[in-house]
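Below is query-v8.cif, holding mmCIF, C-alpha atoms (C1' of nucleotides).
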data_my_file
loop_
_atom_site.label_atom_id
_atom_site.label_comp_id
_atom_site.auth_asym_id
_atom_site.auth_seq_id
_atom_site.Cartn_x
_atom_site.Cartn_y
_atom_site.Cartn_z
CA MET A 172 110.06 -13.82 -28.30
CA ALA A 173 110.37 -12.51 -31.77
CA ILE A 174 109.49 -15.72 -33.55
CA HIS A 175 109.47 -19.19 -32.15
CA LYS A 176 112.33 -21.17 -33.56
CA LYS A 177 111.13 -24.66 -32.93
CA GLU A 178 110.83 -25.32 -36.64
CA GLU A 179 114.55 -24.97 -37.09
CA PHE A 180 115.24 -28.21 -35.28
CA SER A 181 114.98 -31.68 -36.76
CA GLN A 182 111.62 -33.36 -37.08
CA LYS A 183 112.66 -36.04 -34.63
CA GLU A 184 113.66 -33.51 -32.06
CA GLN A 185 110.38 -31.72 -32.51
CA ASP A 186 108.40 -34.92 -32.21
CA LEU A 187 110.14 -35.96 -29.04
CA ALA A 188 109.66 -32.50 -27.61
CA SER A 189 105.95 -32.58 -28.46
CA PHE A 190 105.56 -35.89 -26.74
CA ALA A 191 107.38 -34.65 -23.68
CA LYS A 192 105.29 -31.54 -23.69
CA ALA A 193 102.11 -33.56 -23.60
CA LEU A 194 103.38 -35.23 -20.45
CA ALA A 195 104.68 -32.02 -18.96
CA HIS A 196 101.81 -31.45 -16.59
CA PRO A 197 100.88 -33.53 -13.55
CA ALA A 198 97.21 -33.36 -14.51
CA ARG A 199 97.90 -35.11 -17.78
CA ILE A 200 100.02 -37.76 -16.10
CA ALA A 201 97.15 -38.29 -13.69
CA ILE A 202 94.67 -38.54 -16.52
CA LEU A 203 96.71 -41.25 -18.20
CA LYS A 204 96.82 -43.16 -14.95
CA VAL A 205 93.09 -42.94 -14.50
CA LEU A 206 92.45 -44.02 -18.07
CA ALA A 207 94.49 -47.14 -17.45
CA GLN A 208 93.30 -48.01 -13.99
CA LYS A 209 89.63 -47.86 -14.82
CA ASN A 210 90.19 -50.56 -17.38
CA GLU A 211 87.66 -48.88 -19.57
CA CYS A 212 87.20 -45.68 -21.46
CA ILE A 213 86.19 -43.08 -18.98
CA CYS A 214 85.10 -39.58 -19.70
CA GLY A 215 83.71 -37.43 -16.93
CA ASP A 216 84.90 -39.81 -14.24
CA ILE A 217 88.21 -38.09 -14.66
CA VAL A 218 86.65 -34.81 -13.63
CA ASP A 219 85.51 -36.38 -10.37
CA VAL A 220 89.00 -37.57 -9.56
CA LEU A 221 91.02 -34.51 -10.51
CA PRO A 222 91.03 -31.23 -8.58
CA LEU A 223 90.17 -29.30 -11.70
CA ALA A 224 87.10 -27.86 -13.35
CA GLN A 225 85.37 -29.77 -16.13
CA SER A 226 86.44 -27.34 -18.78
CA THR A 227 90.06 -27.57 -17.70
CA VAL A 228 90.04 -31.35 -17.78
CA SER A 229 88.47 -31.23 -21.20
CA GLN A 230 91.28 -28.99 -22.33
CA HIS A 231 93.93 -31.36 -21.03
CA LEU A 232 92.21 -34.25 -22.77
CA LYS A 233 92.26 -32.28 -25.97
CA GLU A 234 95.98 -31.74 -25.68
CA LEU A 235 96.63 -35.41 -25.03
CA LYS A 236 94.51 -36.21 -28.04
CA ASN A 237 96.28 -33.68 -30.24
CA ALA A 238 99.59 -35.17 -29.19
CA GLY A 239 98.22 -38.54 -30.26
CA LEU A 240 98.63 -40.14 -26.86
CA ILE A 241 94.96 -40.93 -26.48
CA ASP A 242 92.04 -41.64 -28.77
CA GLY A 243 88.58 -40.30 -28.20
CA THR A 244 85.26 -41.34 -29.59
CA ILE A 245 81.88 -39.80 -29.03
CA ASP A 246 79.48 -42.24 -27.43
CA GLY A 247 76.06 -40.74 -27.18
CA PRO A 248 76.08 -37.75 -24.88
CA ARG A 249 79.38 -38.78 -23.37
CA SER A 250 82.91 -39.14 -24.65
CA CYS A 251 85.09 -42.19 -24.44
CA TYR A 252 88.82 -41.88 -24.16
CA CYS A 253 91.50 -44.48 -24.22
CA ILE A 254 95.24 -44.65 -24.53
CA ASN A 255 96.79 -44.94 -27.93
CA TRP A 256 99.29 -47.68 -27.27
CA LYS A 257 100.92 -47.46 -30.63
CA ALA A 258 101.94 -43.86 -30.18
CA PHE A 259 103.00 -44.55 -26.65
CA GLU A 260 105.24 -47.41 -27.63
CA LYS A 261 106.72 -45.45 -30.43
CA PHE A 262 107.69 -42.57 -28.26
CA ASN A 263 108.80 -44.76 -25.42
CA SER A 264 111.18 -46.60 -27.68
CA GLU A 265 112.43 -43.37 -29.15
CA PHE A 266 113.16 -42.04 -25.73
CA SER A 267 114.92 -45.23 -24.79
CA PHE A 268 116.89 -44.97 -27.97
CA LEU A 269 117.92 -41.45 -27.16
CA PHE A 270 118.96 -42.44 -23.67
CA GLN A 271 120.83 -45.44 -24.97
CA LYS A 272 122.58 -43.45 -27.61
CA LEU A 273 123.58 -40.86 -25.12
CA LYS A 274 124.84 -43.44 -22.71
CA THR A 275 126.99 -45.51 -25.01
CA THR A 276 128.70 -42.62 -26.71
CA ASN A 277 129.53 -40.76 -23.57
CA ALA A 278 132.72 -40.77 -21.57
CA LYS A 279 132.64 -39.31 -18.13
CA CYS A 280 133.64 -35.76 -17.56
CA CYS A 281 133.20 -32.86 -15.16
CA MET B 1461 94.68 -18.73 -14.36
CA ALA B 1462 93.56 -18.08 -10.85
CA ILE B 1463 96.20 -20.18 -9.11
CA HIS B 1464 98.26 -22.97 -10.54
CA LYS B 1465 97.12 -26.26 -9.12
CA LYS B 1466 100.13 -28.38 -9.82
CA GLU B 1467 100.79 -28.82 -6.12
CA GLU B 1468 97.58 -30.73 -5.67
CA PHE B 1469 98.90 -33.72 -7.55
CA SER B 1470 101.15 -36.43 -6.15
CA GLN B 1471 104.84 -35.85 -5.84
CA LYS B 1472 105.55 -38.58 -8.32
CA GLU B 1473 103.25 -37.03 -10.86
CA GLN B 1474 104.90 -33.69 -10.35
CA ASP B 1475 108.37 -35.15 -10.70
CA LEU B 1476 107.52 -36.94 -13.90
CA ALA B 1477 105.91 -33.81 -15.26
CA SER B 1478 108.98 -31.73 -14.40
CA PHE B 1479 111.23 -34.17 -16.15
CA ALA B 1480 109.00 -34.17 -19.21
CA LYS B 1481 108.91 -30.40 -19.14
CA ALA B 1482 112.69 -30.22 -19.24
CA LEU B 1483 112.58 -32.28 -22.42
CA ALA B 1484 109.64 -30.39 -23.86
CA HIS B 1485 111.65 -28.22 -26.21
CA PRO B 1486 113.58 -29.33 -29.29
CA ALA B 1487 116.48 -27.08 -28.33
CA ARG B 1488 116.97 -28.97 -25.09
CA ILE B 1489 116.75 -32.32 -26.83
CA ALA B 1490 119.37 -31.05 -29.25
CA ILE B 1491 121.58 -29.86 -26.41
CA LEU B 1492 121.49 -33.28 -24.79
CA LYS B 1493 122.45 -34.85 -28.09
CA VAL B 1494 125.37 -32.50 -28.52
CA LEU B 1495 126.55 -33.08 -24.99
CA ALA B 1496 126.68 -36.79 -25.67
CA GLN B 1497 128.13 -36.75 -29.15
CA LYS B 1498 131.03 -34.49 -28.30
CA ASN B 1499 132.16 -37.05 -25.81
CA GLU B 1500 133.27 -34.26 -23.55
CA CYS B 1501 131.79 -31.42 -21.61
CA ILE B 1502 131.13 -28.67 -24.03
CA CYS B 1503 129.99 -25.21 -23.26
CA GLY B 1504 129.87 -22.59 -25.98
CA ASP B 1505 130.21 -25.17 -28.72
CA ILE B 1506 126.52 -25.69 -28.25
CA VAL B 1507 125.89 -22.10 -29.21
CA ASP B 1508 127.68 -22.66 -32.52
CA VAL B 1509 125.50 -25.63 -33.34
CA LEU B 1510 122.11 -24.33 -32.31
CA PRO B 1511 120.18 -21.63 -34.18
CA LEU B 1512 119.80 -19.60 -31.03
CA ALA B 1513 121.49 -16.68 -29.35
CA GLN B 1514 124.03 -17.30 -26.63
CA SER B 1515 121.79 -15.98 -23.90
CA THR B 1516 118.97 -18.24 -24.98
CA VAL B 1517 121.17 -21.32 -24.99
CA SER B 1518 122.43 -20.38 -21.56
CA GLN B 1519 118.87 -20.22 -20.39
CA HIS B 1520 118.04 -23.67 -21.75
CA LEU B 1521 121.15 -25.04 -20.08
CA LYS B 1522 120.01 -23.53 -16.84
CA GLU B 1523 116.65 -25.24 -17.14
CA LEU B 1524 118.23 -28.59 -17.84
CA LYS B 1525 120.45 -28.07 -14.85
CA ASN B 1526 117.57 -27.08 -12.61
CA ALA B 1527 115.73 -30.19 -13.68
CA GLY B 1528 118.78 -32.16 -12.68
CA LEU B 1529 119.35 -33.62 -16.12
CA ILE B 1530 122.81 -32.14 -16.49
CA ASP B 1531 125.61 -31.06 -14.22
CA GLY B 1532 127.65 -27.96 -14.76
CA THR B 1533 130.97 -26.89 -13.38
CA ILE B 1534 132.85 -23.67 -13.90
CA ASP B 1535 136.19 -24.24 -15.56
CA GLY B 1536 138.16 -21.07 -15.80
CA PRO B 1537 136.42 -18.60 -18.07
CA ARG B 1538 134.28 -21.33 -19.56
CA SER B 1539 131.61 -23.68 -18.27
CA CYS B 1540 131.58 -27.41 -18.52
CA TYR B 1541 128.34 -29.31 -18.81
CA CYS B 1542 127.64 -32.99 -18.83
CA ILE B 1543 124.71 -35.29 -18.52
CA ASN B 1544 123.63 -36.52 -15.12
CA TRP B 1545 123.15 -40.18 -15.86
CA LYS B 1546 121.74 -41.03 -12.51
CA ALA B 1547 118.82 -38.67 -12.86
CA PHE B 1548 118.31 -39.77 -16.42
CA GLU B 1549 118.15 -43.43 -15.54
CA LYS B 1550 115.85 -42.74 -12.69
CA PHE B 1551 113.37 -40.90 -14.81
CA ASN B 1552 113.71 -43.27 -17.70
CA SER B 1553 112.85 -46.21 -15.49
CA GLU B 1554 109.98 -44.31 -13.96
CA PHE B 1555 108.61 -43.59 -17.37
CA SER B 1556 109.01 -47.17 -18.38
CA PHE B 1557 107.27 -48.18 -15.21
CA LEU B 1558 104.39 -45.90 -15.96
CA PHE B 1559 104.10 -47.24 -19.47
CA GLN B 1560 104.31 -50.79 -18.24
CA LYS B 1561 101.73 -50.24 -15.59
CA LEU B 1562 99.41 -48.66 -18.06
CA LYS B 1563 99.87 -51.46 -20.51
CA THR B 1564 99.31 -54.44 -18.25
CA THR B 1565 96.25 -53.10 -16.52
CA ASN B 1566 94.47 -51.98 -19.59
CA ALA B 1567 91.85 -53.77 -21.59
CA LYS B 1568 91.03 -52.46 -25.01
CA CYS B 1569 88.13 -50.15 -25.46
CA CYS B 1570 86.76 -47.50 -27.81
"C1'" DT C 663 58.63 -31.79 -27.28
"C1'" DC C 664 61.02 -30.52 -23.16
"C1'" DT C 665 64.32 -31.40 -19.91
"C1'" DC C 666 68.48 -33.48 -18.09
"C1'" DT C 667 73.11 -34.99 -18.43
"C1'" DT C 668 77.51 -34.83 -20.46
"C1'" DA C 669 81.21 -32.76 -22.71
"C1'" DA C 670 83.30 -29.32 -25.96
"C1'" DT C 671 84.21 -24.62 -26.85
"C1'" DC C 672 84.43 -19.54 -26.08
"C1'" DG C 673 86.03 -15.65 -23.64
"C1'" DT C 674 88.97 -13.98 -20.34
"C1'" DA C 675 92.55 -13.44 -16.75
"C1'" DT C 676 96.93 -14.63 -15.20
"C1'" DA C 677 101.30 -17.17 -15.21
"C1'" DT C 678 105.00 -19.13 -17.58
"C1'" DT C 679 108.07 -19.84 -21.49
"C1'" DT C 680 110.82 -18.39 -25.17
"C1'" DG C 681 113.88 -15.31 -27.17
"C1'" DC C 682 117.02 -11.51 -27.73
"C1'" DG C 683 120.22 -7.64 -26.84
"C1'" DA C 684 122.80 -5.47 -23.41
"C1'" DT C 685 125.37 -5.83 -19.51
"C1'" DA C 686 128.05 -7.93 -15.88
"C1'" DA C 687 131.36 -11.23 -14.01
"C1'" DA C 688 135.49 -13.92 -14.18
"C1'" DG C 689 139.62 -15.83 -15.87
"C1'" DG C 690 143.34 -15.95 -19.45
"C1'" DA C 691 146.69 -13.69 -22.35
"C1'" DT C 692 149.63 -9.97 -23.61
"C1'" DA D 811 147.02 -3.38 -15.70
"C1'" DT D 812 144.45 -3.91 -19.91
"C1'" DC D 813 142.08 -6.35 -23.16
"C1'" DC D 814 139.81 -10.58 -24.86
"C1'" DT D 815 137.06 -14.54 -24.49
"C1'" DT D 816 133.46 -16.91 -22.44
"C1'" DT D 817 129.24 -17.38 -20.03
"C1'" DA D 818 125.60 -15.88 -16.74
"C1'" DT D 819 122.15 -12.64 -15.73
"C1'" DC D 820 118.94 -8.66 -16.36
"C1'" DG D 821 115.26 -6.41 -18.64
"C1'" DC D 822 112.03 -6.55 -21.90
"C1'" DA D 823 108.63 -8.20 -25.57
"C1'" DA D 824 105.86 -11.61 -27.44
"C1'" DA D 825 103.91 -16.15 -27.51
"C1'" DT D 826 101.88 -20.15 -24.86
"C1'" DA D 827 99.92 -22.50 -21.24
"C1'" DT D 828 96.77 -22.93 -17.39
"C1'" DA D 829 92.49 -22.31 -15.30
"C1'" DC D 830 87.78 -21.05 -14.77
"C1'" DG D 831 82.87 -19.77 -15.59
"C1'" DA D 832 79.48 -19.39 -19.03
"C1'" DT D 833 77.67 -21.01 -23.02
"C1'" DT D 834 76.79 -24.20 -26.68
"C1'" DA D 835 75.90 -28.72 -28.67
"C1'" DA D 836 73.99 -33.18 -28.73
"C1'" DG D 837 71.94 -37.23 -27.39
"C1'" DA D 838 68.94 -39.70 -23.65
"C1'" DG D 839 64.75 -40.14 -21.35
"C1'" DA D 840 60.24 -38.60 -19.65
#
Please go through the file and, once you have read it, give me the structure as structure tokens.
Amino acid sequence: MAIHKKEEFSQKEQDLASFAKALAHPARIAILKVLAQKNECICGDIVDVLPLAQSTVSQHLKELKNAGLIDGTIDGPRSCYCINWKAFEKFNSEFSFLFQKLKTTNAKCC
Amino acid sequence: MAIHKKEEFSQKEQDLASFAKALAHPARIAILKVLAQKNECICGDIVDVLPLAQSTVSQHLKELKNAGLIDGTIDGPRSCYCINWKAFEKFNSEFSFLFQKLKTTNAKCC
DNA sequence: TCTCTTAATCGTATATTTGCGATAAAGGAT
DNA sequence: ATCCTTTATCGCAAATATACGATTAAGAGA
């Protein structure tokens, strides 16, 4: 593509898209599940569960962190990750809002 | 990448990821908005609104359709698109479920 | 200090996405 | 029949994403 045109859309649209993008890979969905189920901040335990190399998992974690969906703190030689509920709620409600808005304003067609 | 490993995750994880992927671009979010606001099945009107070429918009529409988020029917020389509410609700509830599940099982950490 | 464990990052290969212009297909209008 | 409008598809270029092994960094423990 010549130049990516994502910037030409509204900030809200970009934010929603970024959030969706962070979830747009089964590995990252799986990571979020693991983070919740373990009831504690795991790190390399995720690597044991997923069918991916350590470096790949680390990369996915980085993306989740960049998207703001998880927080990570360094704890000695290991890293501790946990879900950022605030961000999650925010995006969840924004999605719901979008769905709602779509639903109420729409008449059937096709 | 050697081989994409998406297949090694659960079907549910893959489905959620596919849904998220369909939403993972501001143009597609914008398209969904337009489809709802117009209160009718638009087609090329979308092209007028978005800062993208016709072929690019057509491609995004195709992706949304493939993901099952919208339906499209051919209506004479033009095409008619509308949102597939069933699929939307399904995925919305599955997302909510995921969020819920994460929330209730999680203790704070980090 | 030296080693071990753990995790991030670098470099690289490959696959996918994004975007556009050009072209094709398919009805409608004259 | 011929053109016009509308939209899908093809072919291509460039940007991103995915994945891995190798390496680096950094603390823990002997």
For a cutoff of 10 Å around the file-coordinate point (125.1, -15.6, -15.1), which residues qualify once you count only C-alpha atoms (C1' of nucleotides)? I'd like the result as a PyMOL selection string. (chain B and resi 1515+1518-1519+1522) or (chain C and resi 686-687) or (chain D and resi 817-820)
Selection in question (the file shown): the PyMOL selection byres ((chain C) within 8 of (chain B)). Which residues does it include, as a short mmCIF file (atom, residue, chain, number, x, y, z; two decimals) with C-alpha atoms (C1' of nucleotides), keeping the file's coordinate frame?
data_model
loop_
_atom_site.label_atom_id
_atom_site.label_comp_id
_atom_site.auth_asym_id
_atom_site.auth_seq_id
_atom_site.Cartn_x
_atom_site.Cartn_y
_atom_site.Cartn_z
"C1'" DA C 675 92.55 -13.44 -16.75
"C1'" DT C 676 96.93 -14.63 -15.20
"C1'" DA C 677 101.30 -17.17 -15.21
"C1'" DG C 681 113.88 -15.31 -27.17
"C1'" DC C 682 117.02 -11.51 -27.73
"C1'" DA C 688 135.49 -13.92 -14.18
"C1'" DG C 689 139.62 -15.83 -15.87
"C1'" DG C 690 143.34 -15.95 -19.45
#
Please determine an axis-aligned box that encloses all atoms of stretch 814-832 of chain D listed in the file, with 5 Å added on each side, and express its centre and edge lengths in Å to one decimal as JSON.
{"center_x": 109.6, "center_y": -14.7, "center_z": -21.1, "size_x": 70.3, "size_y": 26.5, "size_z": 22.7}
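Shortest atom-to-atom contact with chain A among D:DC822, D:DT816, D:DA827, D:DG837: D:DG837, counting only C-alpha atoms (C1' of nucleotides).
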Pick from B:Phe1551, B:Glu1523, B:Ser1478, B:Cys1503, whichever lies nearest to chain D using all atoms listed in the file: B:Cys1503
N, CA and C atoms restored at stretch 1508-1520 of chain B, emitted as a PDB file, in the coordinates of the input:
ATOM      1  N   ASP B1508     127.332 -22.623 -31.093  1.00  0.00           N
ATOM      2  CA  ASP B1508     127.680 -22.660 -32.520  1.00  0.00           C
ATOM      3  C   ASP B1508     126.754 -23.570 -33.304  1.00  0.00           C
ATOM      4  N   VAL B1509     126.310 -24.626 -32.659  1.00  0.00           N
ATOM      5  CA  VAL B1509     125.500 -25.630 -33.340  1.00  0.00           C
ATOM      6  C   VAL B1509     124.028 -25.241 -33.407  1.00  0.00           C
ATOM      7  N   LEU B1510     123.539 -24.651 -32.362  1.00  0.00           N
ATOM      8  CA  LEU B1510     122.110 -24.330 -32.310  1.00  0.00           C
ATOM      9  C   LEU B1510     121.807 -22.991 -32.989  1.00  0.00           C
ATOM     10  N   PRO B1511     120.591 -22.880 -33.522  1.00  0.00           N
ATOM     11  CA  PRO B1511     120.180 -21.630 -34.180  1.00  0.00           C
ATOM     12  C   PRO B1511     119.619 -20.624 -33.196  1.00  0.00           C
ATOM     13  N   LEU B1512     120.308 -20.484 -32.082  1.00  0.00           N
ATOM     14  CA  LEU B1512     119.800 -19.600 -31.030  1.00  0.00           C
ATOM     15  C   LEU B1512     120.921 -18.707 -30.518  1.00  0.00           C
ATOM     16  N   ALA B1513     120.505 -17.606 -29.916  1.00  0.00           N
ATOM     17  CA  ALA B1513     121.490 -16.680 -29.350  1.00  0.00           C
ATOM     18  C   ALA B1513     122.130 -17.286 -28.112  1.00  0.00           C
ATOM     19  N   GLN B1514     123.283 -16.755 -27.772  1.00  0.00           N
ATOM     20  CA  GLN B1514     124.030 -17.300 -26.630  1.00  0.00           C
ATOM     21  C   GLN B1514     123.218 -17.221 -25.346  1.00  0.00           C
ATOM     22  N   SER B1515     122.548 -16.139 -25.150  1.00  0.00           N
ATOM     23  CA  SER B1515     121.790 -15.980 -23.900  1.00  0.00           C
ATOM     24  C   SER B1515     120.641 -16.982 -23.819  1.00  0.00           C
ATOM     25  N   THR B1516     120.074 -17.285 -24.965  1.00  0.00           N
ATOM     26  CA  THR B1516     118.970 -18.240 -24.980  1.00  0.00           C
ATOM     27  C   THR B1516     119.461 -19.644 -24.674  1.00  0.00           C
ATOM     28  N   VAL B1517     120.581 -20.005 -25.265  1.00  0.00           N
ATOM     29  CA  VAL B1517     121.170 -21.320 -24.990  1.00  0.00           C
ATOM     30  C   VAL B1517     121.508 -21.430 -23.514  1.00  0.00           C
ATOM     31  N   SER B1518     122.072 -20.387 -22.979  1.00  0.00           N
ATOM     32  CA  SER B1518     122.430 -20.380 -21.560  1.00  0.00           C
ATOM     33  C   SER B1518     121.203 -20.621 -20.691  1.00  0.00           C
ATOM     34  N   GLN B1519     120.110 -20.060 -21.127  1.00  0.00           N
ATOM     35  CA  GLN B1519     118.870 -20.220 -20.390  1.00  0.00           C
ATOM     36  C   GLN B1519     118.370 -21.669 -20.446  1.00  0.00           C
ATOM     37  N   HIS B1520     118.453 -22.270 -21.615  1.00  0.00           N
ATOM     38  CA  HIS B1520     118.040 -23.670 -21.750  1.00  0.00           C
ATOM     39  C   HIS B1520     118.940 -24.567 -20.903  1.00  0.00           C
TER      40      HIS B1520
END
